[in-house]
Structure formats: structure tokens, C-alpha cells
Amino acid sequence: MAETTPAPPGTTGPIDFTDRAHRPGKVIALHLNYPSRIAQRGRSPKFPGYFLKAGTSIARTGDTIERPAGTELLAYEGEIALVIGQTCRRVRPEEGWSKVSGITAANDWGLYDLRHADKGSNVKNKSGDGYTPLGPSVIPAAGLDPAALRVRTWVNGDLVQDDTTEALVFPFGQLVADLSQLMTLEEGDVILTGTPAGSSVAQPGDVVEVEVDAPGAPGAPSSGRLVTRVVAGEEPMAPYGHGPQVDDTQREEAWGSREAAGLPPAAAETEPYHYVPATPVPDRSLLTDELTTKINETAVATITAQLRKRGIDNATIDGVRPTHPGRRILGYAKTLRYVPNREDLFKAFGGGFNAQKRAMDTVQPDDVVVMEARGEKGTGTLGDVLALRAQVRGANAVITDGGVRDSAAVAEVGIQVYSSGVHPAVLGRRHIPWEVGGTVACGGTTVQPGDIVIGDDDGVVVVPPQLLTEVIDDAWEQEQQDAWVYDQVAAGHPVDGLFPPNAEWRRKYQEHRQSRAGQDTP
């Protein structure tokens with residue numbers, strides 16, 4: 001029997017989601033979202049991953065869940081459930097939260113003994129009867145901050161999960177937007193938004209409770225405790241389907257750790273130490289209007305000289321030439337890396353929505369797409385369609401130390417492209433698109449996402465973001481001095497002592513600058 005308790009303040013009151021009038025048309029669950037769970041799993045998803053749960057798996061507070069006879073790894077996952085309040089299709093992330101009418105508690109139960117049977121679908125593992133308790137009450141979403149919610153889980157009265165939505169990898173609005181690109185989300189549909197660390201195995205006799213609340217909102221509304229009692233099943237799995245199958249890997253994942261599962265520590269690693277430095281997060285506020293004006297009035301050669309004064313000699317992307325001479329480029333580096341073609345890997349990673357297409361489809365305004373092609377000129381790394389996609393998305397330029405195919409068509413697109421040459425062959429002749437957003441090597445220099453890329457007819461220079469302001473300020477001042485020196489030479493003065501200026505000429509230049517105070521500043 002379902003428990004009946006008074007509705008918590010700020011909620012709609014208990015809702016029986018098993019009732020046909022309230023049962024969701026579909027329940028969509030997310031694999032990983034909370035940083036604490038991601039760290040525990042050791043997997044870092046770049047995009048959300050989902051699975052569906054059967055409507056018959058929905059249960060109420062106070063219901064029991066059966067662990068089938070002959071199984072051992074029935075695991076709970078306390079989660080926040082989003083209830084869709086408005087039918088929607090193809091919404092944007094900033095609109096997604098507005099399509100949610102309320103939130104409630106959920107327990108995304110799973111039977112790890114049957115994961116091997118699903119091959120990723122989670123049909124048998126996650127959709128047993130009673131495997132999706134929801135409720136008891138729904139908190140209206142209006143006025144809530146989706147980044148200020150909390151989910152907690154208790155087992156036999158002990159708090160085992162306690163986390164907030166402040167640092168989710170995939171915010172709720174993004175989940176609604178992402179799913180609505182493919183399918184119509186209907187009123188009443190439910191999205192389960194992932195579980196934090198602390199998910200583990202429950203035993204027959206355990207009582208598991210989940211609560212979702214908004215502790216910082218007026219009245220601190222709560223879903224109330226969603227209570228599930230675990231019972232031992234008497235019926236074994238039938239022999240005409242996949243039976244239970246577990247190993248120590250499944251035990252470790254179900255319990256949350258080897259220690260919790262009662263397993264001995266893992267054997268010491270025998271591989272050499274392997275470390276990949278973290279990629280920096282780009283700061284897209286650097287290119288202010290004032291700084292951009294200075295950059296556009298300063299030659300790449302002058303900027304390169306200022307970097308050299310700071311001990312940075314290897315900052316130019318060498319061997320590339322522009323499709324449109326006379327046009328400058330400026331923007332934030334967006335990186336793409338190709339690896340040498342190997343036929344088995346190309347079959348797995350070269351086709352479909354590969355890294356090259358993902359790069360162009362995720363360009364932001366003022367990006368400069370920088371491609372590492374290892375200086376390989378024997379094939380094209382860019383054609384007109386992807387050049388157009390980058391331009392439509394707002395990219396300022398594309399740079400590749402490889403070749404360009406369909407070069408005339410690429411030139412007609414209009415976006416500035418720096419490349420090592422042209423070649424008619426397709427990408428797959430020499431390359432596999434491999435990684436977007438990592439640290440790459442292009443034209444002999446290292447480029448990281450968010451580096452500032454500046455180009456003119458002389459070439460392309462990469463400026464570290466932390467040095468940008470001081471380098472540009474000094475380079476712009478040097479440009480003013482060089483222009484004045486040029487005028488002196490044009491007036492007939494010899495270069496000895498003038499270029500570079502000695503003390504006397506520096507004094508004259510300073511007098512000139514003082515006479516024009518305020519006139520030369522952008």
C-alpha cells in the first residue's frame with residue numbers, strides 16, 4: 001500500500017504517478033551528470049547520454065521493490081525528476097527550463113546482474129516492475145533556480161547521497177533542449193537527471209528514501225520522502241532469457257568502490273606513468289573593443305617581436321598562407337586534431353558526425369578554427385561546405401597546416417583560410433578526424449583552446465591569453481615609434497642612431513609623443 005502523508009509546503013501535494021491519469025508518456029534517464037559521480041566512474045562525457053525506462057516500472061512511495069532470486073546487485077540511485085509541463089520540440093537551452101512544470105524525487109533502480117544482457121539499452125536492468133519510484137509530491141518549477149536544488153538519499157536512516165545541482169555538467173535546460181531536437185517532449189513526460197556519488201547496493205529488508213528540495217527558495221519546498229522497501233523475490237530468472245551474470249567489475253560499479261563491495265584492492269598498475277595536462281578554459285572576455293582596435297592597428301611582425309622580448313620565440317604558425325591577401329584575422333583558438341589514417345580506425349571514427357564536423361558545428365562567434373594536420377599537404381583538410389558552416393556559425397577564420405580542397409569554392413565562401421596549399425584528395429586519404437578542443441600542434445607551434453590568434457599577410461601568431469594585454473599595449477606603442485622613425489627616414493635622416501633610436505632620437509620621439517598626447521590613443 002502507498003503511504004499517505006500531508007503534502008510538504010510549496011508542493012502540489014502527493015501525486016500517484018502509477019495512475020494512468022498521471023503516468024508519464026515516457027521516462028528518459030540520463031547516465032552521468034554530477035561531477036562527484038563522474039569522478040567515481042572515471043568517465044568524462046562530452047555530451048549527455050540517455051536511456052528509456054518502461055512506464056510499468058513506475059512506483060509510488062511506500063511500494064516494495066523485489067530483488068529477483070539468484071541476483072545480488074540491486075542498486076539505488078537517488079535523482080531529481082523533471083516533469084515536462086508543456087509539449088515542445090526543438091527548444092533552445094535557454095528555453096529548456098521554462099518547459100518544466102515541476103520537480104520531484106526519483107529512484108532509478110538498476111539490477112547490475114542483467115547489465116550484460118542489455119548491451120547499453122538498460123531494458124532489463126532498469127525497467128523491472130517498481131524500478132522507477134516517483135514522488136510523493138511535485139514542487140512547482142516556477143520561481144526555482146535549477147542550479148540551487150538538492151537531492152538526498154537515506155538507507156535505513158543513514159544519509160548516503162547528498163549533492164546539489166550547482167555544478168552539473170549538463171544543466172537541466174540543456175537536457176530538455178537536447179532531447180527535444182530528436183523527439184517531441186509531451187506534457188507529463190519525465191526526465192531523470194542523473195545521480196550523485198553514493199549510489200550503492202541495497203539488500204532485502206533495506207528501506208531506501210529519496211528527497212528533493214530547494215533549501216534556498218522561499219519556504220524551502222520539498223518533495224517529501226520517497227520510500228521504497230526492498231524484498232527478496234522467490235522466483236528465479238527464467239532459462240529462456242539472459243540469466244544473472246556478475247563479475248568483480250560489476251560488483252565494484254554497483255557498490256561504488258572495491259572496498260564497499262568487499263573486494264581486495266586492485267593490482268598495482270604495471271603501465272608507465274601517464275599524465276595529460278588539463279586543457280585551459282577559454283576566457284572569451286579578453287577581446288574588448290579597445291584592445292581589438294589596437295590589435296587591428298598592429299602588425300603581426302611587431303606582436304611577434306614583443307613576444308620574443310618575453311622569451312617566447314616559437315609562437316608563429318609557419319608555412320601557411322592566406323586565401324584572401326590583405327585581410328587580417330583575430331579570434332579565439334578552437335582546436336581540431338587529425339591523426340594519420342589507419343583503415344580500421346577510420347572506419348570507427350572517420351565517418352558520420354566525426355570530430356571535424358563536430359568542430360565546425362560547435363563554432364562560436366570570433367573563433368578561429370586551428371587544425372593540426374602534421375604539415376601533411378597530400379590531401380585536403382577543409383572543403384567549401386565545412387568552410388561555409390564555420391562562417392555561418394561566426395568563425396573569423398580557419399587555419400590548417402595541411403591542404404585545402406575545392407579551393408576556388410572555399411575562396412568564394414569568403415571566410416579567411418590559411419593553409420599549406422591545395423590538394424584535390426579527400427580527408428580520408430591521409431587523416432582521421434580525432435579530437436576537438438585539445439592542445440594541438442599547428443605549423444610548428446602549440447595552440448590551446450582560447451589562445452588569441454592574430455594573422456595578416458606576413459603570417460599568423462599565437463598569443464598566450466595571460467600576456468595579451470601587455471603584449472598588445474607594448475606592440476602598439478612600438479608601432480607608433482616605428483611609424484615615426486619611418487617618417488624621419490623618409491625626410492632624409494640616416495638610419496644610424498635612428499633605427500633603433502639612440503638616446504637623442506628617443507628624446508625627440510618622446511617630445512613628439514607629448515605633443516600628440518591623446519591624439520594617437522585608439
# chains A, B, ... in the order shown; residues from 1 in each chain; ligands from 1

call {"tool": "select_by_dssp", "arguments": {"residues": "range 414-495 of chain A", "states": "strand (DSSP E or B)", "output": "ChimeraX atom specification"}}
result
/A:416-419,421-422,431-436,440-442,445-447,452-456,459-463

call {"tool": "write_last_selection", "arguments": {"atoms": "C-alpha atoms", "output": "short mmCIF file (atom, residue, chain, number, x, y, z; two decimals), in the first residue's frame"}}
result
data_model
loop_
_atom_site.label_atom_id
_atom_site.label_comp_id
_atom_site.auth_asym_id
_atom_site.auth_seq_id
_atom_site.Cartn_x
_atom_site.Cartn_y
_atom_site.Cartn_z
CA GLN A 416 39.66 33.75 -44.45
CA VAL A 417 41.60 30.47 -44.65
CA TYR A 418 45.30 29.97 -44.02
CA SER A 419 46.66 26.68 -45.36
CA GLY A 421 48.47 24.59 -50.09
CA VAL A 422 45.73 22.95 -52.12
CA HIS A 431 43.82 11.69 -41.93
CA ILE A 432 41.33 10.61 -39.27
CA PRO A 433 39.45 13.45 -37.50
CA TRP A 434 40.30 12.68 -33.90
CA GLU A 435 39.83 15.37 -31.24
CA VAL A 436 38.08 18.70 -30.75
CA VAL A 440 47.33 20.82 -30.80
CA ALA A 441 50.47 21.47 -32.83
CA CYS A 442 49.91 23.54 -35.97
CA THR A 445 53.75 25.78 -32.65
CA THR A 446 51.50 24.67 -29.82
CA VAL A 447 47.94 26.03 -29.74
CA ILE A 452 44.47 34.54 -29.19
CA VAL A 453 45.19 34.04 -32.89
CA ILE A 454 46.21 37.06 -34.99
CA GLY A 455 47.07 37.00 -38.68
CA ASP A 456 47.97 39.30 -41.55
CA GLY A 459 51.64 35.16 -41.19
CA VAL A 460 49.89 34.03 -38.01
CA VAL A 461 50.97 34.45 -34.40
CA VAL A 462 49.50 32.79 -31.30
CA VAL A 463 49.44 34.98 -28.18
#

call {"tool": "select_by_dssp", "arguments": {"residues": "range 52-96 of chain A", "states": "helix (DSSP H, G or I)", "output": "VMD selection string"}}
result
chain A and resid 55 to 57 93 to 96

call {"tool": "residues_around", "arguments": {"residues": "Val231 in chain A", "least_positions_apart": "3", "cutoff": "10 Å", "atoms": "only C-alpha atoms", "output": "ChimeraX atom specification"}}
result
/A:64-68,202-207,228,234

call {"tool": "residues_around", "arguments": {"residues": "range 192-201 of chain A", "least_positions_apart": "3", "cutoff": "8 Å", "atoms": "only C-alpha atoms", "output": "number ranges by chain"}}
result
A: 27-37, 40, 73-82, 106, 108, 160-163, 172, 254-256

call {"tool": "write_last_selection", "arguments": {"atoms": "C-alpha atoms", "output": "PDB file, in the first residue's frame"}}
result
ATOM      1  CA  VAL A  27      10.596   8.341 -18.870  1.00  0.00           C
ATOM      2  CA  ILE A  28      14.035   9.334 -20.153  1.00  0.00           C
ATOM      3  CA  ALA A  29      17.024   8.822 -17.883  1.00  0.00           C
ATOM      4  CA  LEU A  30      20.491  10.385 -18.047  1.00  0.00           C
ATOM      5  CA  HIS A  31      23.642   8.331 -17.458  1.00  0.00           C
ATOM      6  CA  LEU A  32      26.151  10.773 -15.898  1.00  0.00           C
ATOM      7  CA  ASN A  33      25.768  14.389 -14.780  1.00  0.00           C
ATOM      8  CA  TYR A  34      27.089  15.052 -11.254  1.00  0.00           C
ATOM      9  CA  PRO A  35      30.858  15.690 -11.014  1.00  0.00           C
ATOM     10  CA  SER A  36      31.027  13.513  -7.885  1.00  0.00           C
ATOM     11  CA  ARG A  37      29.599  10.531  -9.785  1.00  0.00           C
ATOM     12  CA  GLN A  40      33.764   7.954  -9.143  1.00  0.00           C
ATOM     13  CA  LEU A  73      23.354  -6.332  -7.247  1.00  0.00           C
ATOM     14  CA  LEU A  74      20.126  -4.325  -6.978  1.00  0.00           C
ATOM     15  CA  ALA A  75      21.328  -0.713  -6.709  1.00  0.00           C
ATOM     16  CA  TYR A  76      19.534   2.538  -5.855  1.00  0.00           C
ATOM     17  CA  GLU A  77      20.194   5.952  -7.462  1.00  0.00           C
ATOM     18  CA  GLY A  78      18.530   8.976  -5.880  1.00  0.00           C
ATOM     19  CA  GLU A  79      17.723  11.558  -8.558  1.00  0.00           C
ATOM     20  CA  ILE A  80      15.830  14.737  -9.379  1.00  0.00           C
ATOM     21  CA  ALA A  81      12.993  14.104 -11.832  1.00  0.00           C
ATOM     22  CA  LEU A  82      11.844  16.860 -14.177  1.00  0.00           C
ATOM     23  CA  ALA A 106      13.037   9.627  -8.189  1.00  0.00           C
ATOM     24  CA  ASP A 108      16.484   4.994 -10.668  1.00  0.00           C
ATOM     25  CA  VAL A 160      24.277   8.099   1.801  1.00  0.00           C
ATOM     26  CA  GLN A 161      23.780  10.649  -1.004  1.00  0.00           C
ATOM     27  CA  ASP A 162      23.796  14.428  -0.576  1.00  0.00           C
ATOM     28  CA  ASP A 163      24.526  16.746  -3.509  1.00  0.00           C
ATOM     29  CA  PHE A 172      18.516  20.946 -16.938  1.00  0.00           C
ATOM     30  CA  ALA A 254      27.250  -1.372  -8.298  1.00  0.00           C
ATOM     31  CA  TRP A 255      28.637  -0.863  -4.794  1.00  0.00           C
ATOM     32  CA  GLY A 256      30.564   2.299  -5.722  1.00  0.00           C
TER      33      GLY A 256
END

call {"tool": "residues_around", "arguments": {"residues": "range 208-223 of chain A", "least_positions_apart": "6", "cutoff": "6 Å", "atoms": "only C-alpha atoms", "output": "JSON, numbers by chain"}}
result
{"A": [9, 10, 78, 104, 105, 137, 138, 149, 150, 151, 152, 153, 154, 155]}

call {"tool": "atom_distance", "arguments": {"atom1": "CA of Asp113 in chain A", "atom2": "CA of Ser127 in chain A"}}
result
13.3 Å

call {"tool": "residues_around", "arguments": {"residues": "range 239-241 of chain A", "least_positions_apart": "5", "cutoff": "12 Å", "atoms": "only C-alpha atoms", "output": "list in words"}}
result
Leu114, His116, Ala117, Asp118 and Lys124 of chain A

call {"tool": "write_last_selection", "arguments": {"atoms": "C-alpha atoms", "output": "tab-separated table (two decimals), in the first residue's frame"}}
result
chain	number	residue	atom	x	y	z
A	114	LEU	CA	21.48	-8.05	-16.02
A	116	HIS	CA	25.38	-7.79	-19.71
A	117	ALA	CA	22.02	-8.60	-21.31
A	118	ASP	CA	21.26	-5.04	-22.39
A	124	LYS	CA	16.12	-5.47	-18.45

call {"tool": "atom_distance", "arguments": {"atom1": "CA of Asp318 in chain A", "atom2": "CA of Asp401 in chain A"}}
result
8.0 Å

call {"tool": "residues_around", "arguments": {"residues": "Tyr486 in chain A", "least_positions_apart": "6", "cutoff": "12 Å", "atoms": "only C-alpha atoms", "output": "PDB file with C-alpha atoms, in the first residue's frame"}}
result
ATOM      1  CA  GLU A 479      54.138  50.613 -33.973  1.00  0.00           C
ATOM      2  CA  GLN A 480      53.770  54.318 -33.200  1.00  0.00           C
ATOM      3  CA  GLY A 492      66.167  62.176 -45.338  1.00  0.00           C
ATOM      4  CA  HIS A 493      67.667  61.233 -41.935  1.00  0.00           C
ATOM      5  CA  PRO A 494      70.212  58.391 -41.937  1.00  0.00           C
ATOM      6  CA  VAL A 495      69.244  55.208 -40.103  1.00  0.00           C
ATOM      7  CA  LEU A 498      67.699  56.371 -35.612  1.00  0.00           C
ATOM      8  CA  PHE A 499      66.833  52.740 -36.214  1.00  0.00           C
ATOM      9  CA  PRO A 500      66.797  51.689 -33.455  1.00  0.00           C
ATOM     10  CA  PRO A 501      66.744  55.135 -31.818  1.00  0.00           C
ATOM     11  CA  TYR A 509      60.352  60.792 -30.180  1.00  0.00           C
TER      12      TYR A 509
END

call {"tool": "atom_distance", "arguments": {"atom1": "CA of Gly402 in chain A", "atom2": "CA of Arg321 in chain A"}}
result
11.0 Å
